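For reference, upload.cif is printed below; it contains mmCIF, C-alpha atoms.
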```cif
data_work
loop_
_atom_site.label_atom_id
_atom_site.label_comp_id
_atom_site.auth_asym_id
_atom_site.auth_seq_id
_atom_site.Cartn_x
_atom_site.Cartn_y
_atom_site.Cartn_z
CA MET M 1 111.34 69.97 68.26
CA SER M 2 109.21 73.09 68.53
CA ALA M 3 110.07 76.73 68.29
CA LYS M 4 107.91 79.22 70.22
CA ILE M 5 108.00 82.39 68.18
CA GLU M 6 106.15 85.64 68.75
CA PRO M 7 104.33 86.87 66.80
CA LEU M 8 102.66 83.65 65.70
CA LEU M 9 103.67 82.17 62.38
CA THR M 10 101.15 81.65 59.58
CA VAL M 11 100.85 79.06 56.84
CA SER M 12 102.33 81.57 54.39
CA ASP M 13 105.51 81.42 56.50
CA LEU M 14 105.73 77.68 55.75
CA ASP M 15 106.54 78.57 52.14
CA LEU M 16 109.81 80.06 53.44
CA THR M 17 111.04 76.86 55.10
CA PRO M 18 113.95 75.04 53.46
CA ASP M 19 113.39 72.04 51.21
CA ASP M 20 115.70 69.81 53.27
CA GLY M 21 113.73 66.59 53.79
CA ASN M 22 112.30 67.66 57.14
CA ARG M 23 108.60 68.19 57.79
CA TYR M 24 107.65 71.69 58.84
CA GLU M 25 104.22 71.90 60.44
CA LEU M 26 102.35 74.70 62.14
CA PHE M 27 100.06 74.15 65.13
CA GLU M 28 98.36 77.22 66.57
CA GLY M 29 101.08 79.39 65.02
CA GLU M 30 103.93 77.36 66.55
CA LEU M 31 106.46 75.70 64.24
CA PHE M 32 107.28 71.99 64.64
CA VAL M 33 110.07 70.30 62.70
CA SER M 34 110.25 66.52 62.26
CA CYS M 35 112.99 64.42 60.69
CA ALA M 36 112.26 62.13 57.77
CA PRO M 37 110.39 59.01 58.97
CA GLY M 38 112.29 55.78 59.61
CA LEU M 39 111.95 52.46 57.78
CA SER M 40 109.41 50.83 60.12
CA HIS M 41 107.22 53.92 59.78
CA GLN M 42 107.49 53.80 56.00
CA ARG M 43 106.77 50.06 55.82
CA VAL M 44 103.57 50.47 57.81
CA LEU M 45 102.55 53.46 55.68
CA THR M 46 103.18 51.43 52.51
CA ASN M 47 100.93 48.66 53.85
CA PHE M 48 98.15 51.18 54.51
CA ILE M 49 98.42 52.61 51.01
CA MET M 50 98.42 49.16 49.39
CA VAL M 51 95.41 47.88 51.38
CA ILE M 52 93.28 51.02 51.08
CA GLY M 53 94.45 51.55 47.49
CA ALA M 54 93.24 48.05 46.54
CA TYR M 55 89.85 48.85 48.09
CA LEU M 56 89.68 52.15 46.16
CA ASP M 57 90.58 50.40 42.89
CA LYS M 58 87.42 48.32 43.29
CA ASN M 59 85.38 51.12 44.90
CA PRO M 60 86.44 54.44 43.31
CA ILE M 61 84.86 56.66 45.97
CA GLY M 62 87.84 58.95 46.50
CA GLU M 63 91.61 59.23 46.77
CA ILE M 64 94.25 58.36 49.33
CA LEU M 65 97.14 60.83 49.30
CA LEU M 66 100.58 60.53 50.89
CA THR M 67 102.01 63.39 52.94
CA PRO M 68 99.84 66.16 51.52
CA GLY M 69 100.03 69.66 52.90
CA VAL M 70 96.78 70.52 54.69
CA ASP M 71 96.02 74.12 55.66
CA PHE M 72 93.12 74.22 58.13
CA ASP M 73 93.39 77.94 58.76
CA GLU M 74 95.98 80.70 58.91
CA TYR M 75 97.77 79.21 61.95
CA ASN M 76 97.45 75.45 61.33
CA GLY M 77 99.29 73.86 58.39
CA VAL M 78 100.15 70.17 58.70
CA ILE M 79 101.60 67.27 56.71
CA PRO M 80 99.82 64.06 57.76
CA ASP M 81 101.27 60.71 56.70
CA ALA M 82 98.17 60.02 54.59
CA VAL M 83 94.63 61.30 54.05
CA PHE M 84 91.50 59.97 52.40
CA ILE M 85 89.40 62.46 50.45
CA SER M 86 86.03 61.40 49.06
CA ASN M 87 84.94 62.23 45.53
CA GLN M 88 82.44 64.69 47.02
CA GLN M 89 85.29 66.54 48.72
CA ILE M 90 87.72 66.61 45.81
CA SER M 91 86.16 69.68 44.19
CA ASN M 92 86.24 71.54 47.53
CA VAL M 93 89.76 70.83 48.76
CA GLY M 94 91.46 73.58 46.83
CA THR M 95 93.09 74.28 43.53
CA GLY M 96 96.68 74.73 44.69
CA GLU M 97 99.20 72.24 45.97
CA ARG M 98 97.77 72.11 49.50
CA ILE M 99 94.42 70.86 50.80
CA ASN M 100 92.35 73.58 52.45
CA GLU M 101 89.51 71.52 53.90
CA ALA M 102 89.37 68.79 56.54
CA PRO M 103 89.95 65.38 54.92
CA GLU M 104 87.49 62.58 55.71
CA ILE M 105 90.26 60.43 57.24
CA VAL M 106 93.70 61.49 58.48
CA ILE M 107 96.28 58.77 59.15
CA GLU M 108 99.31 59.46 61.34
CA ILE M 109 101.95 56.85 62.09
CA VAL M 110 103.61 57.45 65.44
CA SER M 111 107.37 57.87 65.14
CA PRO M 112 109.61 56.78 68.03
CA GLY M 113 109.88 59.20 70.93
CA LYS M 114 107.59 60.48 73.65
CA GLU M 115 107.32 63.93 72.06
CA ASN M 116 106.10 62.46 68.74
CA ALA M 117 103.47 60.29 70.47
CA GLN M 118 102.28 63.25 72.54
CA ARG M 119 101.99 65.47 69.46
CA ASP M 120 100.02 62.82 67.51
CA ARG M 121 97.71 61.79 70.36
CA VAL M 122 96.99 65.18 71.88
CA MET M 123 97.89 68.22 69.83
CA LYS M 124 97.10 66.88 66.35
CA ARG M 125 93.92 65.18 67.57
CA GLN M 126 92.69 68.47 69.05
CA VAL M 127 93.46 70.45 65.88
CA TYR M 128 91.98 67.79 63.59
CA GLY M 129 88.83 67.58 65.73
CA ARG M 130 88.38 71.33 65.90
CA HIS M 131 88.56 71.52 62.11
CA GLY M 132 86.11 68.69 61.42
CA VAL M 133 88.21 65.68 60.39
CA LYS M 134 85.66 62.83 60.44
CA GLU M 135 88.12 60.06 61.37
CA TYR M 136 91.63 60.17 62.73
CA TRP M 137 93.65 56.95 62.65
CA ILE M 138 96.71 56.83 64.91
CA VAL M 139 98.96 53.94 63.98
CA ASP M 140 101.56 52.75 66.48
CA PRO M 141 104.20 50.46 64.92
CA GLU M 142 105.72 49.75 68.35
CA THR M 143 102.50 48.31 69.85
CA GLN M 144 101.19 47.26 66.43
CA SER M 145 97.87 48.91 67.18
CA LEU M 146 95.48 51.22 65.38
CA GLU M 147 93.45 53.79 67.32
CA ILE M 148 90.42 55.08 65.43
CA TYR M 149 88.94 58.38 66.58
CA ARG M 150 85.63 59.61 65.17
CA PHE M 151 84.24 63.12 65.06
CA GLU M 152 81.53 63.62 67.66
CA LYS M 153 80.29 66.91 69.13
CA ARG M 154 83.14 69.03 67.72
CA THR M 155 85.89 66.69 68.93
CA LEU M 156 87.52 63.39 68.01
CA LYS M 157 86.58 60.60 70.42
CA LEU M 158 88.23 57.19 70.61
CA ALA M 159 85.95 54.69 68.86
CA ALA M 160 88.24 51.63 68.83
CA THR M 161 91.75 50.37 69.50
CA LEU M 162 92.48 47.52 67.11
CA LYS M 163 95.20 44.86 66.91
CA ASP M 164 95.98 41.65 65.04
CA GLU M 165 92.70 39.92 64.09
CA ASP M 166 90.42 42.89 64.93
CA GLU M 167 88.39 44.09 61.93
CA VAL M 168 89.04 47.60 60.65
CA ILE M 169 85.91 49.25 59.23
CA SER M 170 85.05 52.86 58.50
CA PRO M 171 81.84 54.73 57.66
CA ALA M 172 83.96 56.82 55.27
CA LEU M 173 84.94 53.65 53.35
CA PRO M 174 81.67 51.71 52.82
CA GLY M 175 82.29 47.99 52.51
CA PHE M 176 85.95 48.26 53.52
CA SER M 177 87.12 45.64 56.00
CA CYS M 178 90.47 44.13 56.86
CA LYS M 179 92.33 42.72 59.84
CA ALA M 180 94.36 45.32 61.73
CA GLY M 181 97.43 43.08 61.60
CA LYS M 182 97.54 43.40 57.81
CA PHE M 183 98.76 46.99 58.20
CA PHE M 184 101.73 45.66 60.18
CA GLY M 185 102.67 42.97 57.67
CA LYS M 186 100.91 40.11 59.46
#
```
When written as structure tokens, how does the structure in this file appear?
Amino acid sequence: MSAKIEPLLTVSDLDLTPDDGNRYELFEGELFVSCAPGLSHQRVLTNFIMVIGAYLDKNPIGEILLTPGVDFDEYNGVIPDAVFISNQQISNVGTGERINEAPEIVIEIVSPGKENAQRDRVMKRQVYGRHGVKEYWIVDPETQSLEIYRFEKRTLKLAATLKDEDEVISPALPGFSCKAGKFFGK
């Protein structure tokens, strides 16, 4: 659900939203409200955290964070499902409770519904690309696929669509490799 409001809202307006379990995000000054994610969404997210977390335990090159607030600018404040921030970035991401720099990797798990898929694949990808996110992973529990977009010429371009036995690798996670199906409990 979106609410077109004039004048445009800012990230400081997000501080006024209720603490009711919903996600309140701002894209180009427009407010979007999402319900709490469902169980399949959460199971897939848990798998991502466990797999990448195990890699980071052995290779402490950064942090993976669940549902952090990320403020790209005055009119774009989002809550991705997960982000990876390298050790080099940690000192630059901000001192408050929200990240104020583009994470190396943003992970979004598509919730059911055409509007959610459209927002993840188009609107969020455009905003993340414009603000310099190096990799954007769109995870689709329904198709059990992982789309990896990489930053190229000020935009995020599709680098791979992975399923089942396909190997997931990332320049942001040197030496990381796993089968895409592992994220879906296979």
(request) Name every residue that the PyMOL selection byres ((chain M and resi 35-47) around 12) selects in this structure, writing the answer as a ChimeraX atom specification with chains first and numbers rising. (result) /M:1,19-25,32-34,48-54,64-67,79-83,107-113,116,137-142,144-146,178,180-186
(request) On this file, the PyMOL selection byres ((chain M and resi 28) around 6) gives some set of residues; write that set as a ChimeraX atom specification. (result) /M:27,29-30,75-76
Atoms to include: C-alpha atoms. Write the selected residues as a JSON list (two decimals), in the coordinates of the input.
```json
[["chain", "number", "residue", "atom", "x", "y", "z"],
["M", 27, "PHE", "CA", 100.06, 74.15, 65.13],
["M", 29, "GLY", "CA", 101.08, 79.39, 65.02],
["M", 30, "GLU", "CA", 103.93, 77.36, 66.55],
["M", 75, "TYR", "CA", 97.77, 79.21, 61.95],
["M", 76, "ASN", "CA", 97.45, 75.45, 61.33]]
```
(message) Quick one: residues within 12 Å of Leu26 in chain M, only C-alpha atoms, excluding same-chain residues fewer than 3 positions away - as a PyMOL selection string?
(response) chain M and resi 1-5+8-15+17+23+29-34+69-80+119+123-124+127
Who sits within 12 Å of Phe176 in chain M, only C-alpha atoms, same chain under 3 positions skipped, as a short mmCIF file (atom, residue, chain, number, x, y, z; two decimals) with C-alpha atoms, in the frame of the given file:
```
data_model
loop_
_atom_site.label_atom_id
_atom_site.label_comp_id
_atom_site.auth_asym_id
_atom_site.auth_seq_id
_atom_site.Cartn_x
_atom_site.Cartn_y
_atom_site.Cartn_z
CA VAL M 51 95.41 47.88 51.38
CA ILE M 52 93.28 51.02 51.08
CA GLY M 53 94.45 51.55 47.49
CA ALA M 54 93.24 48.05 46.54
CA TYR M 55 89.85 48.85 48.09
CA LEU M 56 89.68 52.15 46.16
CA ASP M 57 90.58 50.40 42.89
CA LYS M 58 87.42 48.32 43.29
CA ASN M 59 85.38 51.12 44.90
CA PRO M 60 86.44 54.44 43.31
CA ILE M 61 84.86 56.66 45.97
CA GLU M 167 88.39 44.09 61.93
CA VAL M 168 89.04 47.60 60.65
CA ILE M 169 85.91 49.25 59.23
CA SER M 170 85.05 52.86 58.50
CA PRO M 171 81.84 54.73 57.66
CA ALA M 172 83.96 56.82 55.27
CA LEU M 173 84.94 53.65 53.35
CA LYS M 179 92.33 42.72 59.84
#
```
(message) What does the structure give for the distance between CA of Glu63 in chain M and CA of Tyr149 in chain M, in Å to one decimal?
(response)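 Value for the CA of Glu63 in chain M-CA of Tyr149 in chain M distance: 20.0 Å.
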